[in-house]
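Structure, as structure tokens:
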Amino acid sequence: MVKKRLIYLSAVLICIILGLSSRYYGPALPSFVTEYAGDVLWAAMVYYGFRSLFPSSHIRRSALWAFLFSWCIEFSQLYQAEWIRQLRANRFAALVLGQGFLWSDLLCYTAGIACALLTDYYILNKFRK
């Protein structure tokens with residue numbers, strides 16, 4: 001169980017590093033990558049986060065929770081009360097909560113979770129054995 005958690009926490013860390021790198025090196029990357037990679041990687045990170053918290057859970061259940069969490073965060077961006085806008089002004093909170101609702105983010109989250117699920121099933125599964 002500990003080995004599984006370490007593998008998933010490593011995947012979380014990799015997603016964070018790649019996501020932040022996509023923002024930092026954005027000018028050197030194709031605009032498509034700069035615009036969407038962060039959201040795809042954020043959702044993959046959420047999936048791996050759920051896997052690290054519940055490593056014995058079925059991968060489809062983790063994908064469902066990651067999907068629900070990601071979509072709820074995105075739809076929460078439609079709520080624009082002053083207190084939540086002030087919270088989102090914090091850099092860390094903005095990375096977690098986002099800034100504004102975009103339909104494209106929902107597609108990115110779905111793609112990110114699907115890629116993480118497939119990676120988990122086909123690649124990470126080999127490391128666990």
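For the structure tokens, the naming scheme is as follows: chains receive sequential letters (A, B, ...) according to their order of presentation, residues are indexed from 1 within each chain, and ligands are indexed from 1 in presentation order.
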Give me the region 4-81 of chain A side of the contact with region 108-129 of chain A, cut-off 6 Å, one line per residue showing its nearest atom pair and distance in Å at one decimal, counting only C-alpha atoms, sorted by chain and residue number, as a Markdown table.
```
| residue | atom | partner | partner_atom | distance |
| --- | --- | --- | --- | --- |
| A:Asp39 | CA | A:Cys108 | CA | 5.7 |
| A:Val40 | CA | A:Gly112 | CA | 4.2 |
| A:Leu41 | CA | A:Gly112 | CA | 5.9 |
| A:Ala43 | CA | A:Tyr109 | CA | 4.9 |
| A:Ala44 | CA | A:Gly112 | CA | 4.8 |
```
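Among A:Leu64, A:Met1, A:Met45, A:Leu97, the residue with the shortest atom-to-atom distance to Ile14 (chain A), counting only C-alpha atoms, is A:Met45.
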Quick one: DSSP alpha helix (DSSP H) residues in region 12-119 of chain A, as a ChimeraX atom specification? /A:12-24,31-53,59-76,82-88,91-97,103-119
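If only C-alpha atoms are the atoms counted, then among A:Val46, A:Val33, A:Ala28, A:Ile73 the closest residue to Phe101 (chain A) is A:Ile73.
Interatomic distance, CA of Trp42 (chain A) to CA of Lys4 (chain A): 20.2 Å.
Distance-wise, CA of Cys72 (chain A) and CA of Leu95 (chain A) end up 14.7 Å apart.
Ranking A:Ile84, A:Ile59, A:Ala37, A:Leu53 by their shortest atom-to-atom distance to Val2 (chain A), with only C-alpha atoms included, puts A:Leu53 first.
You will find CA of Phe92 (chain A) at 14.2 Å from CA of Gly38 (chain A).
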Selection: 10 Å around Gly49 (chain A), only C-alpha atoms, excl. self and same-chain fewer than 4 positions, as a VMD selection string: chain A and resid 5 8 to 13 43 to 45 53 to 55 62 66
Selected residues written out, C-alpha atoms, as a PDB file, in the first residue's frame:
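Below you can see out17.pdb, which holds the result:
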```pdb
ATOM      1  CA  ARG A   5       0.980   5.761  -2.506  1.00  0.00           C
ATOM      2  CA  TYR A   8       0.869   8.086  -7.089  1.00  0.00           C
ATOM      3  CA  LEU A   9       2.430  10.910  -5.074  1.00  0.00           C
ATOM      4  CA  SER A  10       5.332  10.869  -7.531  1.00  0.00           C
ATOM      5  CA  ALA A  11       2.822  11.193 -10.372  1.00  0.00           C
ATOM      6  CA  VAL A  12       1.208  14.138  -8.541  1.00  0.00           C
ATOM      7  CA  LEU A  13       4.601  15.816  -8.226  1.00  0.00           C
ATOM      8  CA  ALA A  43      -6.972  17.260 -13.730  1.00  0.00           C
ATOM      9  CA  ALA A  44      -4.440  14.425 -14.038  1.00  0.00           C
ATOM     10  CA  MET A  45      -2.929  15.602 -10.751  1.00  0.00           C
ATOM     11  CA  LEU A  53      -5.474   8.925  -0.897  1.00  0.00           C
ATOM     12  CA  PHE A  54      -7.409   5.764  -1.788  1.00  0.00           C
ATOM     13  CA  PRO A  55      -4.892   3.402  -3.428  1.00  0.00           C
ATOM     14  CA  SER A  62     -10.977   7.451  -8.603  1.00  0.00           C
ATOM     15  CA  ALA A  66     -11.565  13.349  -9.946  1.00  0.00           C
TER      16      ALA A  66
END
```
Tell me which protein, DNA and RNA residues are within 12 Å of Phe75 (chain A), counting only C-alpha atoms, leaving out same-chain ones fewer than 3 positions away, and put them as a PyMOL selection string. chain A and resi 68-72+78-80+97-103+105-106
Print the selection's residues with all heavy atoms to a file, as a compact mmCIF listing (two decimals), in the first residue's frame.
```
# COMPACT_ATOMS: atom_id res chain seq x y z
N LEU A 68 -15.73 14.56 -10.91
CA LEU A 68 -16.69 15.37 -10.15
C LEU A 68 -16.02 16.56 -9.46
O LEU A 68 -16.53 17.68 -9.51
CB LEU A 68 -17.42 14.51 -9.11
CG LEU A 68 -18.39 13.48 -9.67
CD1 LEU A 68 -18.89 12.56 -8.56
CD2 LEU A 68 -19.56 14.16 -10.37
N PHE A 69 -14.87 16.31 -8.85
CA PHE A 69 -14.13 17.38 -8.17
C PHE A 69 -13.74 18.48 -9.17
O PHE A 69 -13.97 19.66 -8.92
CB PHE A 69 -12.89 16.80 -7.49
CG PHE A 69 -12.06 17.83 -6.78
CD1 PHE A 69 -12.38 18.23 -5.50
CD2 PHE A 69 -10.95 18.39 -7.39
CE1 PHE A 69 -11.62 19.19 -4.83
CE2 PHE A 69 -10.17 19.33 -6.75
CZ PHE A 69 -10.51 19.74 -5.46
N SER A 70 -13.17 18.09 -10.28
CA SER A 70 -12.71 19.06 -11.28
C SER A 70 -13.86 19.88 -11.85
O SER A 70 -13.76 21.10 -11.97
CB SER A 70 -11.98 18.34 -12.42
OG SER A 70 -10.87 17.65 -11.94
N TRP A 71 -14.93 19.19 -12.19
CA TRP A 71 -16.07 19.91 -12.75
C TRP A 71 -16.73 20.82 -11.71
O TRP A 71 -17.15 21.92 -12.04
CB TRP A 71 -17.08 18.93 -13.36
CG TRP A 71 -16.70 18.50 -14.74
CD1 TRP A 71 -15.49 18.02 -15.16
CD2 TRP A 71 -17.52 18.53 -15.89
NE1 TRP A 71 -15.52 17.74 -16.50
CE2 TRP A 71 -16.76 18.04 -16.98
CE3 TRP A 71 -18.84 18.90 -16.11
CZ2 TRP A 71 -17.27 17.94 -18.26
CZ3 TRP A 71 -19.35 18.80 -17.40
CH2 TRP A 71 -18.56 18.32 -18.46
N CYS A 72 -16.78 20.38 -10.47
CA CYS A 72 -17.34 21.24 -9.41
C CYS A 72 -16.50 22.49 -9.21
O CYS A 72 -17.04 23.58 -9.04
CB CYS A 72 -17.46 20.47 -8.10
SG CYS A 72 -18.85 19.31 -8.07
N LEU A 78 -18.30 30.19 -11.48
CA LEU A 78 -19.43 31.05 -11.86
C LEU A 78 -19.88 31.90 -10.67
O LEU A 78 -20.52 32.93 -10.85
CB LEU A 78 -20.60 30.19 -12.36
CG LEU A 78 -20.35 29.46 -13.68
CD1 LEU A 78 -21.48 28.47 -13.95
CD2 LEU A 78 -20.19 30.43 -14.82
N TYR A 79 -19.54 31.46 -9.47
CA TYR A 79 -19.86 32.19 -8.24
C TYR A 79 -18.79 33.25 -8.03
O TYR A 79 -17.62 32.94 -7.91
CB TYR A 79 -19.91 31.22 -7.06
CG TYR A 79 -20.25 31.86 -5.75
CD1 TYR A 79 -21.51 32.38 -5.51
CD2 TYR A 79 -19.30 31.94 -4.74
CE1 TYR A 79 -21.82 32.96 -4.29
CE2 TYR A 79 -19.60 32.51 -3.52
CZ TYR A 79 -20.85 33.02 -3.31
OH TYR A 79 -21.17 33.59 -2.10
N GLN A 80 -19.17 34.52 -8.00
CA GLN A 80 -18.21 35.61 -7.96
C GLN A 80 -18.44 36.57 -6.80
O GLN A 80 -18.35 37.78 -6.95
CB GLN A 80 -18.24 36.38 -9.29
CG GLN A 80 -17.71 35.60 -10.47
CD GLN A 80 -16.22 35.32 -10.35
OE1 GLN A 80 -15.44 36.16 -9.91
NE2 GLN A 80 -15.84 34.12 -10.73
N LEU A 97 -8.42 26.88 -7.32
CA LEU A 97 -9.80 27.26 -7.60
C LEU A 97 -10.03 27.86 -8.99
O LEU A 97 -11.16 27.95 -9.43
CB LEU A 97 -10.28 28.28 -6.55
CG LEU A 97 -10.28 27.80 -5.11
CD1 LEU A 97 -10.64 28.94 -4.18
CD2 LEU A 97 -11.23 26.63 -4.93
N GLY A 98 -8.96 28.28 -9.64
CA GLY A 98 -9.12 28.90 -10.95
C GLY A 98 -9.62 30.32 -10.83
O GLY A 98 -9.84 30.84 -9.74
N GLN A 99 -9.83 30.94 -11.99
CA GLN A 99 -10.25 32.35 -12.02
C GLN A 99 -11.63 32.55 -12.61
O GLN A 99 -12.44 33.24 -12.04
CB GLN A 99 -9.23 33.17 -12.82
CG GLN A 99 -7.89 33.28 -12.16
CD GLN A 99 -7.93 34.10 -10.89
OE1 GLN A 99 -8.73 35.01 -10.75
NE2 GLN A 99 -7.08 33.76 -9.95
N GLY A 100 -11.88 31.96 -13.76
CA GLY A 100 -13.16 32.18 -14.43
C GLY A 100 -13.60 30.93 -15.17
O GLY A 100 -12.77 30.12 -15.60
N PHE A 101 -14.87 30.78 -15.33
CA PHE A 101 -15.44 29.60 -15.97
C PHE A 101 -15.15 29.59 -17.47
O PHE A 101 -15.32 30.60 -18.15
CB PHE A 101 -16.96 29.58 -15.76
CG PHE A 101 -17.63 28.40 -16.41
CD1 PHE A 101 -17.70 27.19 -15.76
CD2 PHE A 101 -18.18 28.51 -17.68
CE1 PHE A 101 -18.31 26.10 -16.37
CE2 PHE A 101 -18.79 27.44 -18.29
CZ PHE A 101 -18.86 26.23 -17.63
N LEU A 102 -14.67 28.44 -17.95
CA LEU A 102 -14.46 28.24 -19.39
C LEU A 102 -14.93 26.84 -19.76
O LEU A 102 -14.57 25.87 -19.10
CB LEU A 102 -12.98 28.37 -19.76
CG LEU A 102 -12.32 29.73 -19.62
CD1 LEU A 102 -10.82 29.62 -19.79
CD2 LEU A 102 -12.91 30.69 -20.64
N TRP A 103 -15.71 26.74 -20.82
CA TRP A 103 -16.15 25.43 -21.29
C TRP A 103 -14.97 24.58 -21.71
O TRP A 103 -14.97 23.36 -21.53
CB TRP A 103 -17.14 25.58 -22.45
CG TRP A 103 -18.47 26.08 -22.00
CD1 TRP A 103 -18.97 27.35 -22.16
CD2 TRP A 103 -19.49 25.34 -21.31
NE1 TRP A 103 -20.22 27.43 -21.60
CE2 TRP A 103 -20.57 26.21 -21.08
CE3 TRP A 103 -19.58 24.03 -20.86
CZ2 TRP A 103 -21.72 25.81 -20.42
CZ3 TRP A 103 -20.74 23.64 -20.20
CH2 TRP A 103 -21.79 24.53 -20.00
N ASP A 105 -12.14 24.37 -20.37
CA ASP A 105 -11.53 23.74 -19.20
C ASP A 105 -12.19 22.40 -18.88
O ASP A 105 -11.51 21.45 -18.48
CB ASP A 105 -11.61 24.64 -17.97
CG ASP A 105 -10.64 25.81 -18.05
OD1 ASP A 105 -9.80 25.84 -18.98
OD2 ASP A 105 -10.72 26.69 -17.18
N LEU A 106 -13.49 22.32 -19.06
CA LEU A 106 -14.19 21.05 -18.81
C LEU A 106 -13.68 19.96 -19.75
O LEU A 106 -13.51 18.81 -19.34
CB LEU A 106 -15.70 21.24 -18.97
CG LEU A 106 -16.35 22.23 -18.00
CD1 LEU A 106 -17.83 22.40 -18.34
CD2 LEU A 106 -16.18 21.78 -16.56
```
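Excluding region 19-23 of chain A itself and any same-chain residue fewer than 2 positions from it, the protein and nucleic acid residues within 6 Å of it, counting only C-alpha atoms, are Cys15, Ile16, Ile17, Tyr25, Gly26, Thr34, Gly38 and Leu41 of chain A.
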Dump as a PDB file, in the first residue's frame, selection limited to N, CA and C atoms:
```
ATOM      1  N   CYS A  15       3.103  15.905 -12.317  1.00  0.00           N
ATOM      2  CA  CYS A  15       2.055  16.750 -12.915  1.00  0.00           C
ATOM      3  C   CYS A  15       2.217  18.208 -12.490  1.00  0.00           C
ATOM      4  N   ILE A  16       2.538  18.426 -11.216  1.00  0.00           N
ATOM      5  CA  ILE A  16       2.728  19.798 -10.729  1.00  0.00           C
ATOM      6  C   ILE A  16       3.906  20.455 -11.442  1.00  0.00           C
ATOM      7  N   ILE A  17       5.017  19.744 -11.515  1.00  0.00           N
ATOM      8  CA  ILE A  17       6.212  20.296 -12.164  1.00  0.00           C
ATOM      9  C   ILE A  17       5.944  20.597 -13.632  1.00  0.00           C
ATOM     10  N   TYR A  25       7.481  28.306 -19.072  1.00  0.00           N
ATOM     11  CA  TYR A  25       8.102  28.253 -20.394  1.00  0.00           C
ATOM     12  C   TYR A  25       7.082  28.487 -21.513  1.00  0.00           C
ATOM     13  N   GLY A  26       5.940  29.015 -21.169  1.00  0.00           N
ATOM     14  CA  GLY A  26       4.880  29.244 -22.133  1.00  0.00           C
ATOM     15  C   GLY A  26       5.296  29.960 -23.405  1.00  0.00           C
ATOM     16  N   THR A  34       0.572  25.907 -24.340  1.00  0.00           N
ATOM     17  CA  THR A  34       0.550  26.915 -23.285  1.00  0.00           C
ATOM     18  C   THR A  34      -0.863  27.126 -22.749  1.00  0.00           C
ATOM     19  N   GLY A  38      -1.786  23.148 -18.840  1.00  0.00           N
ATOM     20  CA  GLY A  38      -1.946  23.318 -17.396  1.00  0.00           C
ATOM     21  C   GLY A  38      -3.240  22.709 -16.882  1.00  0.00           C
ATOM     22  N   LEU A  41      -3.063  18.839 -17.122  1.00  0.00           N
ATOM     23  CA  LEU A  41      -2.196  18.317 -16.063  1.00  0.00           C
ATOM     24  C   LEU A  41      -2.807  18.504 -14.679  1.00  0.00           C
TER      25      LEU A  41
END
```
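Minimum distance to Leu107 (chain A) across A:Trp83, A:Phe32, A:Tyr48, A:Phe67 (counting only C-alpha atoms) occurs at A:Phe67.
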